[in-house]
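Peer 1: Sharing structure-v1.cif, mmCIF, C-alpha atoms:
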data_target
#
loop_
_atom_site.label_atom_id
_atom_site.label_comp_id
_atom_site.auth_asym_id
_atom_site.auth_seq_id
_atom_site.Cartn_x
_atom_site.Cartn_y
_atom_site.Cartn_z
CA MET E 1 80.64 92.86 112.51
CA ASN E 2 83.67 95.11 112.01
CA ILE E 3 87.03 94.51 113.68
CA THR E 4 87.68 97.57 115.86
CA GLY E 5 90.30 96.54 118.40
CA ILE E 6 93.01 94.19 119.68
CA VAL E 7 93.31 93.01 123.27
CA PHE E 8 96.51 91.41 124.58
CA HIS E 9 96.19 88.79 127.34
CA TRP E 10 98.30 86.34 129.21
CA SER E 11 96.81 82.89 129.67
CA GLU E 12 97.86 82.27 133.30
CA GLY E 13 99.12 78.91 132.12
CA THR E 14 102.37 77.36 130.92
CA TYR E 15 104.22 78.17 127.70
CA ASP E 16 102.50 75.39 125.75
CA GLN E 17 98.93 75.61 127.05
CA ILE E 18 96.46 76.84 124.39
CA PHE E 19 93.02 78.24 125.20
CA ASN E 20 90.19 78.49 122.67
CA ASN E 21 88.67 81.67 124.08
CA TYR E 22 91.39 83.68 122.30
CA HIS E 23 91.75 84.14 118.54
CA TYR E 24 95.52 83.67 118.70
CA ASN E 25 97.80 81.97 121.25
CA ILE E 26 101.53 82.75 121.36
CA THR E 27 103.37 79.66 122.57
CA TYR E 28 107.04 79.40 123.49
CA ALA E 29 109.58 76.55 123.30
CA ARG E 30 113.31 76.29 122.71
CA ASP E 31 113.89 80.05 122.34
CA ARG E 32 111.19 80.31 119.68
CA ALA E 33 107.65 81.67 119.76
CA CYS E 34 104.84 80.40 117.54
CA VAL E 35 101.45 81.80 116.61
CA VAL E 36 98.61 79.30 116.92
CA LYS E 37 95.26 80.39 115.50
CA THR E 38 92.26 78.79 117.19
CA CYS E 39 89.52 79.75 114.70
CA CYS E 40 88.93 80.16 110.98
CA SER E 41 87.99 83.84 111.14
CA ASP E 42 89.00 86.93 113.07
CA PHE E 43 85.28 87.76 113.01
CA GLU E 44 84.37 84.68 115.04
CA PRO E 45 83.17 85.83 118.50
CA LYS E 46 85.46 84.84 121.36
CA ASP E 47 84.78 85.27 125.07
CA HIS E 48 88.10 86.81 126.11
CA ILE E 49 87.20 90.05 127.90
CA TRP E 50 84.28 91.25 130.01
CA HIS E 51 81.68 93.24 128.03
CA ARG E 52 84.15 94.16 125.24
CA ASN E 53 84.32 91.05 123.04
CA ASN E 54 82.37 92.46 120.10
CA GLY E 55 84.75 93.45 117.30
CA ARG E 56 87.92 92.87 119.33
CA ILE E 57 90.56 90.24 118.54
CA GLY E 58 92.09 88.45 121.51
CA ILE E 59 95.81 87.64 121.41
CA SER E 60 97.10 85.65 124.37
CA LEU E 61 100.69 85.04 125.41
CA CYS E 62 100.85 81.50 126.79
CA CYS E 63 102.50 82.30 130.12
CA ALA E 64 102.04 83.68 133.67
CA SER E 65 101.02 80.53 135.54
CA GLY E 66 100.88 81.50 139.22
CA ALA E 67 101.12 85.24 138.49
CA THR E 68 100.41 87.81 141.21
CA PRO E 69 100.25 91.62 140.96
CA GLU E 70 103.84 91.69 142.21
CA ASN E 71 105.23 88.74 140.23
CA PRO E 72 104.47 87.39 136.70
CA GLY E 73 104.75 83.81 137.99
CA ASP E 74 106.83 80.77 137.14
CA PHE E 75 106.27 81.23 133.40
CA PRO E 76 106.84 84.96 132.82
CA PRO E 77 106.34 86.46 129.34
CA VAL E 78 109.53 86.28 127.26
CA GLU E 79 110.82 88.65 124.61
CA ALA E 80 110.19 86.25 121.71
CA GLN E 81 106.52 85.99 122.69
CA ILE E 82 106.17 89.75 123.10
CA GLU E 83 107.81 90.48 119.76
CA THR E 84 105.73 87.85 117.97
CA ALA E 85 102.48 89.09 119.51
CA CYS E 86 103.21 92.70 118.61
CA ALA E 87 104.24 91.83 115.07
CA LEU E 88 101.00 89.90 114.60
CA ALA E 89 98.99 92.74 116.15
CA GLY E 90 100.72 95.28 113.89
CA LYS E 91 99.70 93.28 110.85
CA LEU E 92 96.11 92.98 112.11
CA ALA E 93 96.00 96.70 112.98
CA HIS E 94 97.02 97.53 109.42
CA ILE E 95 94.62 95.08 107.77
CA TYR E 96 91.62 96.27 109.80
CA SER E 97 92.63 99.94 110.21
CA ILE E 98 92.56 99.66 114.00
CA LYS E 99 93.10 102.92 115.86
CA LYS E 100 95.80 103.50 118.46
CA ASP E 101 93.37 103.77 121.38
CA GLU E 102 91.93 100.34 120.54
CA ILE E 103 95.25 98.49 120.98
CA ASN E 104 95.43 97.59 124.68
CA THR E 105 96.18 94.85 127.16
CA HIS E 106 93.42 93.34 129.27
CA ALA E 107 94.95 95.17 132.22
CA VAL E 108 94.05 98.54 130.68
CA TRP E 109 90.43 97.64 129.94
CA ALA E 110 90.06 96.02 133.38
CA PHE E 111 91.27 99.23 135.02
CA ILE E 112 88.83 101.32 132.94
CA ASP E 113 85.94 98.97 133.75
CA GLY E 114 86.65 98.77 137.46
CA TYR E 115 88.13 95.31 137.91
CA GLY E 116 91.80 96.07 137.38
CA ILE E 117 94.88 95.63 139.51
CA HIS E 118 94.34 96.43 143.23
CA SER E 119 90.58 96.86 142.60
CA ARG E 120 89.67 94.22 145.23
CA ASP E 121 87.33 92.71 142.67
CA LYS E 122 87.24 88.90 142.92
CA GLU E 123 87.65 88.74 139.13
CA SER E 124 90.39 91.38 138.91
CA ARG E 125 92.74 91.16 135.94
CA TRP E 126 96.15 92.70 135.33
CA ASP E 127 97.29 90.85 132.20
CA LEU E 128 100.73 92.07 131.07
CA TRP E 129 100.84 94.83 133.68
CA VAL E 130 104.55 94.62 134.56
CA PRO E 131 106.18 97.91 135.72
CA SER E 132 109.64 98.93 134.44
CA TRP E 133 109.80 96.23 131.79
CA GLU E 134 111.89 98.19 129.28
CA ASN E 135 113.53 101.60 129.74
CA GLY E 136 111.26 102.32 132.68
CA LYS E 137 108.07 101.58 130.70
CA ASN E 138 105.32 99.25 131.83
CA LEU E 139 105.02 96.15 129.61
CA THR E 140 101.52 97.30 128.65
CA GLN E 141 102.93 100.48 127.05
CA VAL E 142 105.86 98.59 125.53
CA MET E 143 103.47 96.29 123.68
CA LYS E 144 101.34 99.15 122.41
CA ASP E 145 104.44 100.98 121.12
CA LYS E 146 105.83 97.87 119.43
CA THR E 147 102.49 97.13 117.77
CA LEU E 148 102.25 100.63 116.35
CA TRP E 149 105.82 100.32 115.05
CA TYR E 150 105.00 97.08 113.24
CA LYS E 151 101.79 98.59 111.88
CA GLU E 152 103.81 101.36 110.23
CA GLN E 153 106.27 98.87 108.71
CA PHE E 154 103.54 96.83 107.04
CA HIS E 155 103.71 98.39 103.59
CA MET E 156 100.88 98.44 101.09
CA HIS E 157 102.88 96.86 98.25
CA VAL E 158 103.51 93.16 98.82
CA ASP E 159 106.32 90.74 98.15
CA ASN E 160 106.04 88.67 94.96
CA SER E 161 109.08 86.46 95.50
CA ASP E 162 106.99 83.31 95.02
CA ASN E 163 106.16 84.55 91.50
CA MET E 164 102.43 83.99 92.04
CA TYR E 165 101.38 87.36 90.61
CA GLU E 166 101.88 89.16 87.34
CA GLU E 167 103.07 92.65 88.23
CA ARG E 168 100.71 95.13 86.64
CA VAL E 169 99.48 98.70 86.96
CA ILE E 170 95.70 99.09 86.82
CA ASP E 171 94.13 102.46 86.10
CA LEU E 172 90.95 103.24 87.99
CA ALA E 173 87.99 105.28 86.75
CA ASN E 174 88.65 108.02 89.33
CA GLY E 175 92.19 108.61 88.04
CA ASP E 176 93.97 106.59 90.75
CA ARG E 177 96.36 103.74 89.96
CA LEU E 178 96.80 100.38 91.65
CA TYR E 179 100.28 98.88 91.54
CA MET E 180 99.64 95.17 91.80
CA PRO E 181 100.11 93.05 93.76
CA SER E 182 99.14 95.26 96.68
CA ILE E 183 96.90 95.42 99.73
CA PHE E 184 93.73 97.50 99.84
CA LYS E 185 90.17 97.44 101.12
CA LEU E 186 87.47 95.48 99.32
CA ALA E 187 83.72 95.75 99.67
CA ARG E 188 81.27 92.86 99.85
CA GLU E 189 79.48 92.81 96.52
CA ALA E 190 75.93 91.79 95.59
CA HIS E 191 75.09 89.06 93.09
CA ILE E 192 74.98 89.01 89.28
CA VAL E 193 72.46 86.99 87.27
CA THR E 194 74.09 83.87 85.80
CA GLU E 195 73.62 82.24 82.43
CA SER E 196 71.83 79.15 83.78
CA HIS E 197 69.14 80.96 85.76
CA LYS E 198 66.07 79.84 83.81
CA LYS E 199 63.70 82.59 84.96
CA PHE E 200 66.08 85.25 83.67
CA ARG E 201 67.34 83.52 80.55
CA ASN E 202 65.89 86.36 78.45
CA SER E 203 65.19 88.95 81.14
CA TRP E 204 66.42 90.46 84.41
CA PRO E 205 65.14 90.58 88.01
CA GLU E 206 62.57 93.22 88.84
CA SER E 207 63.74 93.76 92.43
CA PHE E 208 66.65 93.13 94.79
CA LYS E 209 65.29 89.74 95.90
CA ASP E 210 63.43 88.53 92.80
CA ASP E 211 64.06 84.73 92.74
CA ILE E 212 67.35 85.27 94.62
CA GLU E 213 66.92 82.00 96.55
CA GLU E 214 67.11 80.08 93.28
CA HIS E 215 70.38 81.84 92.53
CA TYR E 216 71.76 80.78 95.92
CA LYS E 217 70.90 77.14 95.12
CA LEU E 218 72.49 77.30 91.68
CA SER E 219 75.63 78.90 93.09
CA GLU E 220 76.06 76.36 95.87
CA SER E 221 75.47 73.46 93.47
CA SER E 222 78.03 74.73 90.95
CA THR E 223 80.76 75.94 93.31
CA GLU E 224 80.20 73.16 95.88
CA TYR E 225 80.69 75.84 98.52
CA SER E 226 78.16 75.84 101.34
CA MET E 227 77.38 78.96 103.34
CA ILE E 228 74.42 81.14 104.24
CA ARG E 229 74.17 83.63 101.39
CA ASN E 230 72.51 86.96 102.14
CA GLU E 231 73.44 89.48 99.47
CA PRO E 232 70.72 90.61 96.99
CA TRP E 233 71.06 91.29 93.27
CA CYS E 234 73.43 94.11 92.40
CA PHE E 235 71.85 97.54 92.19
CA SER E 236 70.58 99.05 88.95
CA ASP E 237 72.25 102.45 89.36
CA LYS E 238 71.62 103.64 85.78
CA PRO E 239 68.38 103.85 83.76
CA ASP E 240 69.67 101.45 81.11
CA ARG E 241 70.76 98.78 83.63
CA HIS E 242 68.72 96.19 85.50
CA PHE E 243 68.90 94.50 88.87
CA GLY E 244 71.49 91.73 88.72
CA GLN E 245 73.11 93.07 85.55
CA GLY E 246 76.85 93.41 85.44
CA LYS E 247 78.69 96.24 83.71
CA GLU E 248 78.92 94.54 80.33
CA GLY E 249 75.49 92.91 80.42
CA GLN E 250 77.08 89.50 79.85
CA LYS E 251 75.84 86.79 82.20
CA PRO E 252 78.66 84.75 83.81
CA SER E 253 78.55 81.08 84.67
CA GLU E 254 77.70 80.13 88.27
CA MET E 255 81.35 79.26 88.91
CA GLU E 256 82.54 82.63 87.61
CA GLU E 257 79.89 84.59 89.54
CA GLY E 258 80.51 82.56 92.68
CA TRP E 259 84.12 83.78 92.87
CA TYR E 260 84.07 87.19 91.19
CA ILE E 261 86.01 90.40 91.80
CA SER E 262 85.07 93.89 90.71
CA LEU E 263 87.32 96.92 90.73
CA ASN E 264 86.52 100.48 89.74
CA TRP E 265 88.41 99.90 86.50
CA LYS E 266 88.96 102.54 83.86
CA GLU E 267 88.90 99.69 81.35
CA VAL E 268 87.27 96.39 82.32
CA PRO E 269 89.66 93.44 81.77
CA PRO E 270 88.66 90.55 79.49
CA ARG E 271 86.00 88.28 80.93
CA GLY E 272 87.53 85.41 82.85
CA THR E 273 90.74 87.21 83.88
CA ARG E 274 92.12 85.47 86.97
CA PHE E 275 93.03 87.40 90.09
CA ILE E 276 94.48 86.00 93.31
CA ILE E 277 93.06 87.31 96.57
CA LYS E 278 94.76 86.46 99.84
CA ASN E 279 93.99 87.19 103.47
CA PRO E 280 97.44 88.29 104.70
CA VAL E 281 96.49 87.42 108.27
CA ASN E 282 95.54 83.73 107.96
CA GLY E 283 97.03 82.97 104.52
CA ARG E 284 93.78 81.78 102.97
CA THR E 285 93.77 82.32 99.20
CA VAL E 286 91.13 82.40 96.46
CA VAL E 287 91.34 82.56 92.67
CA ALA E 288 88.79 85.19 91.59
CA ILE E 289 87.26 85.99 88.20
CA ALA E 290 87.13 89.52 86.75
CA GLY E 291 85.54 91.05 83.67
CA TYR E 292 81.82 90.97 84.46
CA GLU E 293 81.36 93.94 86.77
CA THR E 294 82.91 97.28 87.68
CA GLY E 295 82.68 99.48 90.76
CA THR E 296 82.51 100.54 93.44
CA GLY E 297 82.48 104.27 92.90
CA ARG E 298 79.97 105.08 95.62
CA THR E 299 81.58 103.26 98.55
CA GLY E 300 84.02 105.85 99.80
CA ASN E 301 87.68 104.84 99.76
CA LEU E 302 87.14 101.29 98.49
CA ALA E 303 88.79 100.46 95.18
CA GLY E 304 86.45 97.57 94.48
CA GLY E 305 84.78 94.53 95.94
CA ILE E 306 84.44 90.76 95.95
CA CYS E 307 81.45 88.46 96.26
CA GLU E 308 80.27 87.33 99.66
CA GLU E 309 81.54 83.78 99.04
CA ILE E 310 85.14 85.02 98.84
CA HIS E 311 84.82 87.10 102.00
CA HIS E 312 83.27 84.14 103.79
CA TYR E 313 86.06 81.75 102.81
CA LEU E 314 88.82 84.23 103.65
CA GLY E 315 87.23 84.99 107.01
CA THR E 316 86.91 88.69 106.22
CA GLY E 317 84.12 91.22 105.84
CA HIS E 318 83.09 94.39 104.06
CA GLY E 319 86.00 96.83 103.94
CA SER E 320 88.73 94.39 104.98
CA LYS E 321 92.20 94.92 103.56
CA LEU E 322 93.27 92.02 101.34
CA GLU E 323 96.25 91.15 99.19
CA VAL E 324 95.24 91.33 95.52
CA GLY E 325 97.08 90.66 92.29
CA VAL E 326 96.65 89.42 88.74
CA ALA E 327 97.38 85.68 88.60
CA LYS E 328 100.47 84.82 86.60
CA ASP E 329 98.86 81.48 85.75
CA GLN E 330 95.65 82.35 83.91
CA THR E 331 94.57 78.69 83.77
CA LEU E 332 93.88 78.42 87.51
CA CYS E 333 90.45 77.15 88.49
CA PRO E 334 88.31 79.73 90.34
CA GLY E 335 87.74 79.20 94.04
CA PRO E 336 89.81 78.38 97.14
CA LYS E 337 93.48 77.49 96.65
CA ASP E 338 93.88 75.91 100.08
CA ASP E 339 91.93 74.36 102.93
CA ASN E 340 94.08 75.10 105.93
CA CYS E 341 92.21 76.62 108.85
CA LEU E 342 94.64 76.10 111.74
CA ILE E 343 97.88 77.94 111.04
CA THR E 344 101.17 78.04 112.88
CA GLU E 345 103.69 80.76 112.18
CA GLN E 346 107.16 81.09 113.63
CA PHE E 347 108.98 84.23 114.62
CA THR E 348 112.43 84.51 116.12
CA GLY E 349 112.23 88.16 117.13
CA GLY E 350 113.99 91.41 116.45
CA LYS E 351 112.87 94.61 114.71
CA ASP E 352 114.95 93.71 111.66
CA THR E 353 112.46 90.94 110.90
CA ILE E 354 109.03 91.96 109.63
CA TYR E 355 106.22 89.53 110.43
CA GLY E 356 104.31 88.47 107.36
#
Represent the supplied structure as structure tokens.

Peer 2:
Amino acid sequence: MNITGIVFHWSEGTYDQIFNNYHYNITYARDRACVVKTCCSDFEPKDHIWHRNNGRIGISLCCASGATPENPGDFPPVEAQIETACALAGKLAHIYSIKKDEINTHAVWAFIDGYGIHSRDKESRWDLWVPSWENGKNLTQVMKDKTLWYKEQFHMHVDNSDNMYEERVIDLANGDRLYMPSIFKLAREAHIVTESHKKFRNSWPESFKDDIEEHYKLSESSTEYSMIRNEPWCFSDKPDRHFGQGKEGQKPSEMEEGWYISLNWKEVPPRGTRFIIKNPVNGRTVVAIAGYETGTGRTGNLAGGICEEIHHYLGTGHGSKLEVGVAKDQTLCPGPKDDNCLITEQFTGGKDTIYG
């Protein structure tokens, strides 16, 4: 499932009530708004809007208890919540390349689908529909404008103040250059035959799925990471290459293959080179291994890819934008660097502060 849109809601509760049918809740206390994430992945389905849940992230401002079409209730939305929600949405819109028309409040979609304000529908919704909120604009339009502003401010090159990355320029086979660390789209890669796969100790698979289930078992046993693996062996795109064969023909260990990264390098880095890959939305981070594969020249505007295990842990999918850089510490063990699913982020507001 691809992420295609963002829907803003209000919860019709108090400032501290959190509801699990949204991906993110924006609470408010003591002049400060906080982001509370209620799931491990933006791709997790949530029932937050009628008939439009698929591919859309729900962000709810915890407010509007007792709201009516004429009055936002005893807990009206406050500026800190609005700014925090829009900053978060701007980051998400950048990461997932969400188009302008897909950034809306529930009020807009309800109006389009016939159950909006003054529709007389028993289930009518008008979330964040507040006329003349700022400079004569409805709050719905204010939030769209703010989100687009934050999206534009979210630059491709990332901050390295924590000294986690080694700053490096990587030349790609198509002539482009990547200034790392930076944020770009990554594909979901297929699997490479590993050195301990007995059937292929002196050979290669004869098809996409040849003994692939055994590979899944070996990978899970070595990495101790459980998930439903679906990807086949990598494609033999040249006459002298086989299914499951990496660029150099060298078979990695299960641990290296289970957390590997491939870019469309001009020159493949030494086997075992550590990269750090981070989901800039939820902060989840993985140490990845390079040097066994190259690509992906036939996947449009993608500069490379990562194995399905990394995407699964980060909560991302094919084509997601991720923060990537060469690890300054080349002794890091491959795999997840953290195990924190529920995140809380604080934001005090103002366009001089960039969320992230």

Peer 1: List the spatial neighbours of Tyr225 of chain E as number ranges by chain - criterion: any atom at most 10 Å away, only C-alpha atoms, same-chain residues fewer than 6 positions off excluded.

Peer 2: E: 219, 258, 309, 313, 335-336

Peer 1: Please evaluate the PyMOL selection byres ((chain E and resi 293) around 12) against the displayed coordinates and give the resulting residues as a PyMOL selection string.

Peer 2: chain E and resi 189-193+234-235+244-252+256-257+260-273+289-292+294-296+304-307

Peer 1: As a check of understanding, name the residues that the PyMOL selection byres ((chain E and resi 207-213) around 7) selects in the supplied structure, as an MDAnalysis selection string.

Peer 2: chainID E and resid 205:206 214:217 232:233 243

Peer 1: Here's the selection I'm unsure about, the PyMOL selection byres ((chain E and resi 25) around 8); applied to the file above, which residues does it give, as an NGL selection string?

Peer 2: :E and (18-19 or 22-24 or 26-27 or 35-38 or 59-62)

Peer 1: Between atom CA of Gly55 of chain E and atom CA of Gly319 of chain E, measure the distance and give it in Å to one decimal.

Peer 2: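 Distance between the two atoms: 13.8 Å.
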
Peer 1: Find the residues around Ser196 of chain E up to 8 Å (all atoms listed in the file counted), leave out those fewer than 3 positions away in its own chain, and share them as a PDB file with C-alpha atoms, in the frame of the given file.

Peer 2:
ATOM      1  CA  ARG E 201      67.340  83.520  80.550  1.00  0.00           C
ATOM      2  CA  SER E 253      78.550  81.080  84.670  1.00  0.00           C
ATOM      3  CA  GLU E 254      77.700  80.130  88.270  1.00  0.00           C
TER       4      GLU E 254
END

Peer 1: I'd like a table as CSV: residues in segment 84-133 of chain E with an atom no more than 7 Å from segment 140-151 of chain E, each row giving the shortest atom pair and its distance in Å to one decimal, all atoms listed in the file counted, sorted by chain and rising residue number.

Peer 2:
residue,atom,partner,partner_atom,distance
E:Cys86,CA,E:Thr147,CA,4.6
E:Ala87,CA,E:Tyr150,CA,5.6
E:Ala89,CA,E:Thr147,CA,5.8
E:Gly90,CA,E:Lys151,CA,4.0
E:Lys91,CA,E:Lys151,CA,5.8
E:Ala93,CA,E:Lys151,CA,6.2
E:His94,CA,E:Lys151,CA,5.5
E:Ile103,CA,E:Lys144,CA,6.3
E:Asn104,CA,E:Lys144,CA,6.5
E:Thr105,CA,E:Thr140,CA,6.1
E:Leu128,CA,E:Thr140,CA,5.8
E:Trp129,CA,E:Thr140,CA,5.6

Peer 1: Okay, now the selection with C-alpha atoms, as an mmCIF file, in the coordinates of the input?

Peer 2:
data_model
loop_
_atom_site.group_PDB
_atom_site.id
_atom_site.type_symbol
_atom_site.label_atom_id
_atom_site.label_comp_id
_atom_site.auth_asym_id
_atom_site.auth_seq_id
_atom_site.Cartn_x
_atom_site.Cartn_y
_atom_site.Cartn_z
ATOM 1 C CA CYS E 86 103.210 92.700 118.610
ATOM 2 C CA ALA E 87 104.240 91.830 115.070
ATOM 3 C CA ALA E 89 98.990 92.740 116.150
ATOM 4 C CA GLY E 90 100.720 95.280 113.890
ATOM 5 C CA LYS E 91 99.700 93.280 110.850
ATOM 6 C CA ALA E 93 96.000 96.700 112.980
ATOM 7 C CA HIS E 94 97.020 97.530 109.420
ATOM 8 C CA ILE E 103 95.250 98.490 120.980
ATOM 9 C CA ASN E 104 95.430 97.590 124.680
ATOM 10 C CA THR E 105 96.180 94.850 127.160
ATOM 11 C CA LEU E 128 100.730 92.070 131.070
ATOM 12 C CA TRP E 129 100.840 94.830 133.680
#

Peer 1: Give, as lines of an AutoDock Vina configuration file, the centre coordinates and the x, y and z edge lengths in Å to one decimal for an axis-aligned box around all listed atoms of segment 259-262 of chain E, padded by 4 Å on each side.

Peer 2:
center_x = 85.0
center_y = 88.8
center_z = 91.8
size_x = 9.9
size_y = 18.1
size_z = 10.2

Peer 1: Show me, as a short mmCIF file (atom, residue, chain, number, x, y, z; two decimals) with C-alpha atoms, in the coordinates of the input, the residues that have an atom within 8 Å of Ile3 of chain E when counting all atoms listed in the file, minus same-chain residues fewer than 4 positions from it.

Peer 2:
data_model
loop_
_atom_site.label_atom_id
_atom_site.label_comp_id
_atom_site.auth_asym_id
_atom_site.auth_seq_id
_atom_site.Cartn_x
_atom_site.Cartn_y
_atom_site.Cartn_z
CA ASP E 42 89.00 86.93 113.07
CA PHE E 43 85.28 87.76 113.01
CA GLY E 55 84.75 93.45 117.30
CA ARG E 56 87.92 92.87 119.33
CA ILE E 57 90.56 90.24 118.54
CA TYR E 96 91.62 96.27 109.80
CA ILE E 98 92.56 99.66 114.00
#

Peer 1: Place a sphere of radius 12 Å on (97.9, 84.0, 130.6) in the file coordinates and name every protein, DNA or RNA residue with an atom inside or on its surface, counting all atoms listed in the file; give the answer as a VMD selection string.

Peer 2: chain E and resid 8 to 19 21 to 22 25 to 27 48 58 to 68 72 to 77 81 105 to 107 125 to 129

Peer 1: Hey, can you check how far atom CA of Lys185 of chain E sits from atom CA of Thr223 of chain E?

Peer 2: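 Interatomic distance here is 24.7 Å.
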
Peer 1: Can you list, as JSON, numbers by chain, every protein, DNA or RNA residue that comes within 7 Å of segment 320-332 of chain E when you count all atoms listed in the file, leaving out same-chain residues fewer than 5 positions away?

Peer 2: {"E": [95, 96, 164, 165, 166, 180, 181, 182, 183, 184, 185, 186, 273, 274, 275, 276, 277, 278, 279, 280]}

Peer 1: Which residue gives the smallest distance to Ser222 of chain E among E:Trp204, E:Asp176, E:Trp259, E:Arg168, with only C-alpha atoms counted?

Peer 2: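 Closest to Ser222 of chain E of all the choices is E:Trp259.
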
Peer 1: Grab the atom CA of Thr285 of chain E to atom CA of His312 of chain E distance for me, in Å with one decimal place.

Peer 2: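 Atom CA of His312 of chain E lies 11.6 Å from atom CA of Thr285 of chain E.
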
Peer 1: Could you give me, as an mmCIF file with C-alpha atoms, keeping the file's coordinate frame, the residues that have an atom at most 6 Å away from the point (101.7, 94.7, 139.4) in the coordinates of the file, using all atoms listed in the file?

Peer 2:
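This went into result_16.cif:
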data_model
loop_
_atom_site.group_PDB
_atom_site.id
_atom_site.type_symbol
_atom_site.label_atom_id
_atom_site.label_comp_id
_atom_site.auth_asym_id
_atom_site.auth_seq_id
_atom_site.Cartn_x
_atom_site.Cartn_y
_atom_site.Cartn_z
ATOM 1 C CA PRO E 69 100.250 91.620 140.960
ATOM 2 C CA GLU E 70 103.840 91.690 142.210
ATOM 3 C CA TRP E 129 100.840 94.830 133.680
ATOM 4 C CA VAL E 130 104.550 94.620 134.560
#

Peer 1: So, with all atoms listed in the file as the atoms that count, which of E:Ala80, E:Ala33, E:Ala85, E:Val281 lies closest to Val7 of chain E?

Peer 2: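 Answer, going by the shortest atom-to-atom distance: E:Ala85.
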